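Engineer: Next comes upload.txt, compact mmCIF, C-alpha atoms (C1' of nucleotides):
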```txt
# COMPACT_ATOMS: atom_id res chain seq x y z
CA MET K 1 53.49 -86.43 -17.92
CA ASN K 2 55.11 -89.81 -18.39
CA ALA K 3 57.44 -89.87 -21.39
CA ASP K 4 56.31 -93.24 -22.72
CA ALA K 5 52.71 -92.10 -22.83
CA LEU K 6 53.61 -89.67 -25.62
CA ARG K 7 54.97 -92.45 -27.81
CA GLY K 8 53.12 -92.61 -31.06
CA HIS K 9 51.20 -89.41 -30.40
CA MET K 10 54.00 -86.92 -30.97
CA ASP K 11 53.39 -86.80 -34.71
CA ALA K 12 49.75 -85.87 -34.24
CA LEU K 13 50.71 -83.12 -31.80
CA LEU K 14 53.34 -81.62 -34.06
CA LEU K 15 51.19 -81.74 -37.18
CA SER K 16 48.25 -80.26 -35.31
CA VAL K 17 50.16 -77.32 -33.95
CA VAL K 18 51.32 -76.12 -37.37
CA GLU K 19 47.96 -76.75 -38.99
CA HIS K 20 46.87 -73.12 -39.32
CA GLU K 21 50.16 -71.28 -39.15
CA PRO K 22 53.75 -72.29 -39.90
CA LEU K 23 55.96 -72.29 -36.83
CA HIS K 24 59.60 -72.94 -36.00
CA GLY K 25 60.73 -75.56 -33.48
CA TYR K 26 61.08 -73.33 -30.46
CA ALA K 27 57.66 -71.79 -31.05
CA ILE K 28 56.18 -75.26 -31.50
CA ILE K 29 57.41 -76.26 -28.05
CA GLU K 30 55.81 -73.14 -26.57
CA ALA K 31 52.57 -73.71 -28.46
CA LEU K 32 52.37 -77.28 -27.15
CA ARG K 33 52.86 -76.03 -23.61
CA GLU K 34 50.22 -73.33 -23.97
CA ARG K 35 47.61 -75.34 -25.80
CA SER K 36 47.92 -78.23 -23.35
CA GLY K 37 47.47 -75.93 -20.37
CA GLY K 38 51.06 -76.49 -19.24
CA ALA K 39 50.83 -80.28 -19.22
CA LEU K 40 53.12 -80.80 -22.20
CA ASP K 41 56.70 -79.63 -21.81
CA VAL K 42 58.48 -81.46 -24.59
CA PRO K 43 62.29 -81.26 -24.59
CA THR K 44 64.23 -80.02 -27.60
CA GLY K 45 65.91 -83.40 -27.95
CA THR K 46 62.49 -84.82 -28.76
CA VAL K 47 61.07 -82.08 -30.94
CA TYR K 48 63.90 -81.26 -33.32
CA PRO K 49 64.59 -84.84 -34.43
CA ALA K 50 60.83 -85.48 -34.71
CA LEU K 51 60.38 -82.43 -36.96
CA ARG K 52 63.18 -83.65 -39.21
CA ARG K 53 61.61 -87.09 -39.31
CA LEU K 54 58.24 -85.62 -40.33
CA GLU K 55 59.97 -83.52 -42.94
CA ARG K 56 61.73 -86.56 -44.39
CA ALA K 57 58.36 -88.30 -44.45
CA GLY K 58 56.98 -85.43 -46.52
CA LEU K 59 54.39 -84.39 -43.94
CA LEU K 60 56.09 -81.11 -43.09
CA ALA K 61 58.04 -78.68 -45.26
CA GLY K 62 60.84 -76.80 -43.52
CA GLU K 63 62.48 -73.59 -44.60
CA TRP K 64 65.29 -71.53 -43.12
CA ALA K 65 64.57 -67.94 -42.21
CA SER K 66 66.34 -65.39 -40.06
CA ASP K 67 65.09 -62.81 -37.63
CA GLY K 68 68.03 -60.51 -37.16
CA GLY K 69 71.00 -62.78 -36.47
CA ARG K 70 68.86 -65.71 -35.36
CA ARG K 71 68.31 -68.60 -37.68
CA ARG K 72 65.00 -70.36 -37.60
CA ARG K 73 63.63 -73.33 -39.44
CA THR K 74 59.95 -72.79 -40.03
CA TYR K 75 57.70 -75.75 -40.75
CA ARG K 76 54.43 -75.80 -42.61
CA LEU K 77 51.99 -78.63 -43.21
CA THR K 78 52.14 -80.23 -46.66
CA ASP K 79 49.10 -81.72 -48.39
CA ALA K 80 50.29 -85.17 -47.34
CA GLY K 81 50.70 -83.81 -43.82
CA ARG K 82 47.15 -82.55 -43.82
CA LYS K 83 45.87 -85.98 -44.78
CA ALA K 84 48.10 -87.60 -42.18
CA LEU K 85 46.75 -85.23 -39.54
CA ALA K 86 43.18 -86.23 -40.36
CA GLY K 87 44.23 -89.86 -39.98
CA GLU K 88 45.97 -89.12 -36.70
CA ARG K 89 42.86 -87.43 -35.33
CA SER K 90 40.73 -90.38 -36.32
CA ALA K 91 43.24 -92.80 -34.80
CA TRP K 92 43.28 -90.74 -31.61
CA ARG K 93 39.53 -91.05 -31.25
CA SER K 94 39.66 -94.81 -31.80
CA PHE K 95 42.52 -95.09 -29.36
CA THR K 96 40.86 -93.16 -26.54
CA THR K 97 37.59 -95.02 -27.09
CA ALA K 98 39.31 -98.41 -26.89
CA ILE K 99 41.38 -97.60 -23.81
CA GLY K 100 38.47 -95.80 -22.18
CA ARG K 101 36.28 -98.84 -22.53
CA VAL K 102 38.82 -100.96 -20.72
CA LEU K 103 39.52 -98.44 -17.96
CA ASP K 104 35.90 -97.45 -17.41
CA PRO K 105 33.78 -100.32 -18.69
CA LEU K 106 30.61 -99.01 -17.00
CA ARG K 107 30.47 -95.88 -19.09
CA MET Z 1 46.00 -100.01 -33.49
CA ASN Z 2 49.51 -98.64 -33.74
CA ALA Z 3 51.91 -100.40 -31.37
CA ASP Z 4 53.66 -97.27 -30.13
CA ALA Z 5 50.35 -95.73 -29.09
CA LEU Z 6 50.01 -98.34 -26.35
CA ARG Z 7 53.35 -97.42 -24.83
CA GLY Z 8 52.98 -96.41 -21.23
CA HIS Z 9 49.30 -97.38 -21.11
CA MET Z 10 49.72 -101.14 -20.96
CA ASP Z 11 50.03 -101.16 -17.17
CA ALA Z 12 46.73 -99.34 -16.73
CA LEU Z 13 45.00 -101.79 -19.08
CA LEU Z 14 46.35 -104.87 -17.33
CA LEU Z 15 45.61 -103.61 -13.83
CA SER Z 16 42.13 -102.54 -14.85
CA VAL Z 17 41.18 -105.87 -16.36
CA VAL Z 18 41.94 -107.83 -13.20
CA GLU Z 19 40.38 -105.25 -10.90
CA HIS Z 20 37.23 -107.19 -10.03
CA GLU Z 21 38.27 -110.76 -10.79
CA PRO Z 22 41.64 -112.52 -10.95
CA LEU Z 23 42.50 -113.72 -14.44
CA HIS Z 24 45.31 -115.62 -16.12
CA GLY Z 25 47.30 -114.25 -19.03
CA TYR Z 26 45.39 -115.83 -21.85
CA ALA Z 27 42.07 -114.73 -20.37
CA ILE Z 28 43.47 -111.21 -19.91
CA ILE Z 29 44.24 -110.99 -23.62
CA GLU Z 30 40.69 -112.07 -24.42
CA ALA Z 31 39.23 -109.64 -21.90
CA LEU Z 32 41.19 -106.77 -23.44
CA ARG Z 33 39.90 -107.70 -26.87
CA GLU Z 34 36.29 -107.95 -25.70
CA ARG Z 35 36.22 -104.88 -23.51
CA SER Z 36 37.83 -102.74 -26.22
CA GLY Z 37 35.30 -103.87 -28.79
CA GLY Z 38 37.95 -105.77 -30.73
CA ALA Z 39 40.34 -102.83 -31.06
CA LEU Z 40 42.97 -104.24 -28.73
CA ASP Z 41 44.63 -107.47 -29.80
CA VAL Z 42 47.74 -107.57 -27.68
CA PRO Z 43 50.29 -110.26 -28.53
CA THR Z 44 51.49 -112.76 -25.94
CA GLY Z 45 55.03 -111.43 -26.26
CA THR Z 46 53.74 -108.18 -24.83
CA VAL Z 47 51.39 -109.43 -22.15
CA TYR Z 48 53.35 -112.17 -20.41
CA PRO Z 49 56.50 -110.13 -19.80
CA ALA Z 50 54.35 -107.17 -18.74
CA LEU Z 51 52.48 -109.28 -16.19
CA ARG Z 52 55.78 -110.50 -14.75
CA ARG Z 53 57.00 -106.92 -14.59
CA LEU Z 54 53.89 -105.81 -12.71
CA GLU Z 55 54.26 -108.76 -10.37
CA ARG Z 56 57.89 -107.86 -9.64
CA ALA Z 57 56.70 -104.32 -8.95
CA GLY Z 58 54.25 -105.66 -6.39
CA LEU Z 59 51.15 -104.45 -8.23
CA LEU Z 60 49.94 -107.93 -9.15
CA ALA Z 61 50.15 -111.22 -7.27
CA GLY Z 62 50.46 -114.32 -9.44
CA GLU Z 63 49.66 -117.88 -8.48
CA TRP Z 64 49.92 -121.14 -10.38
CA ALA Z 65 46.79 -123.21 -10.79
CA SER Z 66 45.83 -126.06 -13.05
CA ASP Z 67 42.67 -126.86 -14.93
CA GLY Z 68 43.05 -130.49 -15.87
CA GLY Z 69 46.51 -130.80 -17.42
CA ARG Z 70 46.77 -127.09 -18.21
CA ARG Z 71 48.86 -124.82 -16.07
CA ARG Z 72 47.69 -121.29 -15.57
CA ARG Z 73 49.16 -118.38 -13.72
CA THR Z 74 46.34 -116.35 -12.27
CA TYR Z 75 46.93 -112.73 -11.33
CA ARG Z 76 45.06 -110.65 -8.78
CA LEU Z 77 45.40 -106.98 -7.90
CA THR Z 78 47.35 -106.23 -4.72
CA ASP Z 79 46.62 -103.24 -2.49
CA ALA Z 80 49.54 -101.43 -4.07
CA GLY Z 81 48.14 -102.38 -7.47
CA ARG Z 82 44.77 -100.90 -6.56
CA LYS Z 83 46.41 -97.61 -5.64
CA ALA Z 84 48.50 -97.69 -8.79
CA LEU Z 85 45.37 -98.28 -10.85
CA ALA Z 86 43.72 -95.22 -9.34
CA GLY Z 87 46.83 -93.24 -10.25
CA GLU Z 88 46.82 -94.65 -13.77
CA ARG Z 89 43.18 -93.68 -14.25
CA SER Z 90 43.90 -90.17 -13.08
CA ALA Z 91 46.96 -89.96 -15.34
CA TRP Z 92 44.88 -91.20 -18.25
CA ARG Z 93 42.35 -88.41 -17.79
CA SER Z 94 45.12 -85.79 -17.62
CA PHE Z 95 46.76 -87.30 -20.66
CA THR Z 96 43.67 -87.33 -22.85
CA THR Z 97 42.75 -83.82 -21.74
CA ALA Z 98 46.18 -82.48 -22.63
CA ILE Z 99 46.41 -84.18 -26.01
CA GLY Z 100 42.79 -83.40 -26.77
CA ARG Z 101 43.36 -79.72 -26.19
CA VAL Z 102 46.17 -79.71 -28.72
CA LEU Z 103 44.36 -81.78 -31.33
CA ASP Z 104 41.01 -80.02 -30.97
CA PRO Z 105 41.75 -76.58 -29.50
CA LEU Z 106 38.26 -75.27 -30.27
CA ARG Z 107 36.54 -77.68 -27.92
C1' DT U 1 82.82 -54.68 -19.66
C1' DG U 2 80.93 -59.07 -17.93
C1' DC U 3 77.07 -61.80 -16.75
C1' DC U 4 72.62 -63.64 -17.10
C1' DT U 5 68.44 -64.96 -19.36
C1' DA U 6 65.71 -65.87 -23.30
C1' DC U 7 65.81 -67.36 -27.86
C1' DA U 8 67.11 -71.02 -31.25
C1' DT U 9 68.88 -75.46 -33.19
C1' DG U 10 71.00 -79.62 -32.97
C1' DT U 11 73.62 -84.31 -31.82
C1' DA U 12 75.10 -88.62 -29.20
C1' DG U 13 73.99 -92.16 -26.59
C1' DA U 14 70.95 -94.43 -23.07
C1' DC U 15 66.77 -96.56 -22.04
C1' DA U 16 62.44 -98.89 -22.01
C1' DG U 17 58.81 -101.29 -23.65
C1' DC U 18 56.30 -103.24 -27.35
C1' DC U 19 56.88 -106.17 -31.21
C1' DT U 20 57.84 -110.52 -34.25
C1' DA U 21 59.12 -115.02 -34.29
C1' DC U 22 59.87 -119.03 -32.21
C1' DA U 23 59.45 -122.86 -28.70
C1' DT U 24 56.73 -125.86 -25.84
C1' DA U 25 52.73 -128.43 -24.17
C1' DT U 26 47.68 -130.07 -23.24
C1' DA U 27 42.68 -130.80 -24.63
C1' DG U 28 39.25 -131.75 -27.70
C1' DA U 29 37.13 -131.97 -32.23
C1' DA U 30 37.14 -133.64 -36.96
C1' DT A 1 46.25 -138.14 -37.05
C1' DT A 2 45.75 -133.63 -37.70
C1' DC A 3 44.07 -129.31 -36.65
C1' DT A 4 42.55 -125.71 -33.65
C1' DA A 5 42.05 -123.59 -29.27
C1' DT A 6 44.08 -123.11 -24.92
C1' DA A 7 48.18 -121.65 -22.29
C1' DT A 8 52.90 -119.76 -21.16
C1' DG A 9 57.15 -118.10 -22.17
C1' DT A 10 61.93 -116.30 -24.27
C1' DA A 11 65.29 -113.96 -27.53
C1' DG A 12 66.31 -110.35 -30.06
C1' DG A 13 65.03 -106.26 -32.77
C1' DC A 14 63.18 -101.83 -33.30
C1' DT A 15 62.21 -97.09 -32.51
C1' DG A 16 61.01 -93.07 -30.41
C1' DT A 17 61.58 -90.37 -26.34
C1' DC A 18 64.74 -88.89 -23.02
C1' DT A 19 69.05 -86.67 -20.73
C1' DA A 20 73.02 -84.23 -21.39
C1' DC A 21 75.82 -81.66 -23.95
C1' DA A 22 77.30 -78.28 -27.65
C1' DT A 23 76.82 -73.99 -30.12
C1' DG A 24 75.47 -69.38 -31.03
C1' DT A 25 72.66 -64.67 -31.02
C1' DA A 26 70.04 -60.81 -28.67
C1' DG A 27 69.11 -57.91 -25.08
C1' DG A 28 68.88 -56.35 -20.24
C1' DC A 29 71.36 -54.96 -16.26
C1' DA A 30 75.03 -53.83 -13.08
```
Reformat the file's structure so that it appears as structure tokens.

Structural biologist:
Amino acid sequence: MNADALRGHMDALLLSVVEHEPLHGYAIIEALRERSGGALDVPTGTVYPALRRLERAGLLAGEWASDGGRRRRTYRLTDAGRKALAGERSAWRSFTTAIGRVLDPLR
Amino acid sequence: MNADALRGHMDALLLSVVEHEPLHGYAIIEALRERSGGALDVPTGTVYPALRRLERAGLLAGEWASDGGRRRRTYRLTDAGRKALAGERSAWRSFTTAIGRVLDPLR
DNA sequence: TGCCTACATGTAGACAGCCTACATATAGAA
DNA sequence: TTCTATATGTAGGCTGTCTACATGTAGGCA
């Protein structure tokens, strides 16, 4: 998976993966890998800053928790995040339609 | 159309649009707009440098021509470009499948 | 005890490519 | 003459993803 291809789609992925259950960063990375069938293996240096960015933007709400001695920051979708996710899904459909038409004009 | 979303997919678009007929930059921009149903309106500051980049990479071959007093640089797909385009199409399918699975896990 | 792996978060700096804004020039219509 | 469409190109900015590094806990195993 080319890194540049992810540009501009990371937000949608992150919001989507915490849609139904709050998750912490490490679990988000695993969820992305599993749900994509192994195609997405996003490095920590991408995910953690992106989560903070989405939190600053008010789309995610983060909270510290601890499991034994391990600290975790768990993120849940805010109402604004839920709206943003709907917009991202819509944008994704428009995007794939537009690119698809250029790459496969016969279909 | 968000600018970042195009990242890493521009090459596929440009190669695809000159697949069956050589075109010059300005015509490529129009072709992208038409074939995408108006969704793609790529600025000249994106296209011209990208075409030069693809030419340097050996995927496109450019040639100057003139229509009256107007100079045009017409690009055609090279053999390497044709192979690259096949790879880009394959990568696009993998990409959309992976992202799609994350965004719509039920389907 | 020491070592390794998995779990867990984070930062600094590099890199690449798309963008805005600007510059230049011809052709043709109003 | 002025405006729009045609046509190409550069300079510099922006930003998000990446690599590489730093830190620490938990638990298994020899």

Engineer: Pick from Z:Ala61, Z:Val47, Z:Val17, Z:Gly69: nearest to chain U, with all atoms listed in the file counted?

Structural biologist: Z:Gly69

Engineer: Chain K superposed on chain Z over all ordered C-alpha pairs, least squares: can you write that as a short mmCIF file (atom, residue, chain, number, x, y, z; two decimals) with C-alpha atoms, keeping the file's coordinate frame?

Structural biologist:
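Saved the output as out.cif:
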```cif
data_model
loop_
_atom_site.label_atom_id
_atom_site.label_comp_id
_atom_site.auth_asym_id
_atom_site.auth_seq_id
_atom_site.Cartn_x
_atom_site.Cartn_y
_atom_site.Cartn_z
CA MET K 1 46.06 -99.98 -33.47
CA ASN K 2 49.58 -98.64 -33.67
CA ALA K 3 51.93 -100.44 -31.29
CA ASP K 4 53.71 -97.33 -30.04
CA ALA K 5 50.44 -95.75 -29.02
CA LEU K 6 50.06 -98.39 -26.31
CA ARG K 7 53.38 -97.47 -24.73
CA GLY K 8 52.92 -96.40 -21.17
CA HIS K 9 49.26 -97.39 -21.10
CA MET K 10 49.68 -101.15 -20.96
CA ASP K 11 50.01 -101.17 -17.18
CA ALA K 12 46.71 -99.35 -16.74
CA LEU K 13 44.99 -101.79 -19.08
CA LEU K 14 46.33 -104.87 -17.35
CA LEU K 15 45.60 -103.62 -13.85
CA SER K 16 42.11 -102.55 -14.87
CA VAL K 17 41.17 -105.87 -16.36
CA VAL K 18 41.94 -107.84 -13.20
CA GLU K 19 40.37 -105.26 -10.93
CA HIS K 20 37.23 -107.21 -10.04
CA GLU K 21 38.26 -110.76 -10.79
CA PRO K 22 41.63 -112.51 -10.96
CA LEU K 23 42.49 -113.72 -14.44
CA HIS K 24 45.31 -115.63 -16.12
CA GLY K 25 47.30 -114.24 -19.05
CA TYR K 26 45.37 -115.84 -21.86
CA ALA K 27 42.05 -114.71 -20.38
CA ILE K 28 43.46 -111.21 -19.92
CA ILE K 29 44.22 -111.00 -23.63
CA GLU K 30 40.66 -112.07 -24.43
CA ALA K 31 39.19 -109.64 -21.92
CA LEU K 32 41.17 -106.77 -23.46
CA ARG K 33 39.87 -107.69 -26.89
CA GLU K 34 36.28 -107.92 -25.71
CA ARG K 35 36.21 -104.86 -23.52
CA SER K 36 37.83 -102.73 -26.22
CA GLY K 37 35.29 -103.84 -28.81
CA GLY K 38 37.94 -105.74 -30.76
CA ALA K 39 40.33 -102.81 -31.06
CA LEU K 40 42.96 -104.25 -28.74
CA ASP K 41 44.60 -107.48 -29.82
CA VAL K 42 47.71 -107.59 -27.69
CA PRO K 43 50.25 -110.31 -28.53
CA THR K 44 51.45 -112.80 -25.94
CA GLY K 45 54.99 -111.49 -26.27
CA THR K 46 53.73 -108.22 -24.84
CA VAL K 47 51.37 -109.46 -22.16
CA TYR K 48 53.34 -112.19 -20.42
CA PRO K 49 56.49 -110.13 -19.81
CA ALA K 50 54.34 -107.15 -18.75
CA LEU K 51 52.47 -109.29 -16.20
CA ARG K 52 55.77 -110.49 -14.75
CA ARG K 53 57.01 -106.92 -14.60
CA LEU K 54 53.88 -105.81 -12.72
CA GLU K 55 54.27 -108.76 -10.40
CA ARG K 56 57.88 -107.85 -9.66
CA ALA K 57 56.70 -104.31 -8.99
CA GLY K 58 54.26 -105.67 -6.42
CA LEU K 59 51.15 -104.45 -8.24
CA LEU K 60 49.95 -107.92 -9.17
CA ALA K 61 50.16 -111.21 -7.29
CA GLY K 62 50.47 -114.32 -9.44
CA GLU K 63 49.70 -117.88 -8.48
CA TRP K 64 49.95 -121.15 -10.37
CA ALA K 65 46.82 -123.21 -10.78
CA SER K 66 45.86 -126.07 -13.04
CA ASP K 67 42.69 -126.90 -14.89
CA GLY K 68 43.10 -130.53 -15.81
CA GLY K 69 46.57 -130.80 -17.35
CA ARG K 70 46.79 -127.11 -18.20
CA ARG K 71 48.88 -124.84 -16.08
CA ARG K 72 47.72 -121.31 -15.56
CA ARG K 73 49.17 -118.37 -13.73
CA THR K 74 46.36 -116.34 -12.28
CA TYR K 75 46.93 -112.72 -11.33
CA ARG K 76 45.09 -110.65 -8.79
CA LEU K 77 45.42 -106.98 -7.91
CA THR K 78 47.38 -106.22 -4.73
CA ASP K 79 46.63 -103.24 -2.50
CA ALA K 80 49.56 -101.42 -4.09
CA GLY K 81 48.14 -102.37 -7.48
CA ARG K 82 44.80 -100.90 -6.56
CA LYS K 83 46.43 -97.61 -5.64
CA ALA K 84 48.51 -97.69 -8.81
CA LEU K 85 45.36 -98.28 -10.86
CA ALA K 86 43.71 -95.21 -9.35
CA GLY K 87 46.82 -93.23 -10.27
CA GLU K 88 46.80 -94.64 -13.78
CA ARG K 89 43.17 -93.66 -14.26
CA SER K 90 43.89 -90.15 -13.08
CA ALA K 91 46.94 -89.93 -15.33
CA TRP K 92 44.86 -91.18 -18.26
CA ARG K 93 42.36 -88.39 -17.78
CA SER K 94 45.11 -85.77 -17.61
CA PHE K 95 46.76 -87.28 -20.65
CA THR K 96 43.66 -87.31 -22.84
CA THR K 97 42.74 -83.80 -21.73
CA ALA K 98 46.19 -82.45 -22.61
CA ILE K 99 46.41 -84.16 -25.99
CA GLY K 100 42.78 -83.37 -26.76
CA ARG K 101 43.37 -79.70 -26.19
CA VAL K 102 46.18 -79.70 -28.71
CA LEU K 103 44.35 -81.76 -31.32
CA ASP K 104 41.02 -80.00 -30.95
CA PRO K 105 41.75 -76.58 -29.48
CA LEU K 106 38.26 -75.25 -30.29
CA ARG K 107 36.52 -77.64 -27.96
#
```

Engineer: Distance C1' of DC3 in chain U-C1' of DG27 in chain A, one decimal place?

Structural biologist: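 Taking C1' of DC3 in chain U as the start and C1' of DG27 in chain A as the end point, the length is 12.2 Å.
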
Engineer: Which residues, written as a ChimeraX atom specification, have at least one atom at most 12 Å from DG17 in chain U, with all atoms listed in the file counted and residues fewer than 3 positions away on the same chain left out?

Structural biologist: /K:3-5,7 /Z:3-11,45-47,49-50,53 /A:14-17

Engineer: Residues of chain A within 12 Å of chain K: nearest atom pair and distance (Å, one decimal) for each, counting all atoms listed in the file, sorted by chain and number, as a tab-separated table?

Structural biologist:
```
residue	atom	partner	partner_atom	distance
A:DT15	C1'	K:Arg7	CA	9.8
A:DG16	C1'	K:Arg7	CA	6.6
A:DT17	C1'	K:Thr46	CA	6.1
A:DC18	C1'	K:Thr46	CA	7.4
A:DT19	C1'	K:Gly45	CA	8.5
A:DA20	C1'	K:Gly45	CA	9.7
A:DC21	C1'	K:Gly45	CA	10.8
A:DG24	C1'	K:Arg70	CA	8.7
A:DT25	C1'	K:Arg70	CA	5.9
A:DA26	C1'	K:Gly69	CA	8.1
```

Engineer: Counting all atoms listed in the file, which residues from chain Z have an atom at most 8 Å from any atom of chain K, and could you show them as a PyMOL selection string?

Structural biologist: chain Z and resi 1-9+12-13+16-17+32+35-37+39-40+89+91+95-99+101-103+105

Engineer: To one decimal place in Å, what is the distance between CA of His24 in chain K and C1' of DA14 in chain U?

Structural biologist: 27.5 Å

Engineer: Only residues of chain U matter here; which ones have an atom within 9 Å of chain Z, counting only C-alpha atoms (C1' of nucleotides)? Give them as a list of chain:residue names.

Structural biologist: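 Listing them in order of chain and number gives U:DG17, U:DC18, U:DC19, U:DT20, U:DA25, U:DT26, U:DA27.
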
Engineer: Return the single residue from A:DC29, A:DA22, A:DA11, A:DC3 that is closest to DT1 in chain U, with distances computed using only C-alpha atoms (C1' of nucleotides).

Structural biologist: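 Among A:DC29, A:DA22, A:DA11, A:DC3, it is A:DC29 that comes nearest to DT1 in chain U.
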
Engineer: Distance CA of Glu63 in chain Z-C1' of DT6 in chain A, one decimal place?

Structural biologist: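 Interatomic distance, CA of Glu63 in chain Z to C1' of DT6 in chain A: 18.1 Å.
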
Engineer: Which residues are near DT9 in chain U? Cut-off 9 Å, all atoms listed in the file, ignore same chain within fewer than 2 positions. Put them as a PyMOL selection string.

Structural biologist: (chain K and resi 25-26+44+48+71-73) or (chain A and resi 23)
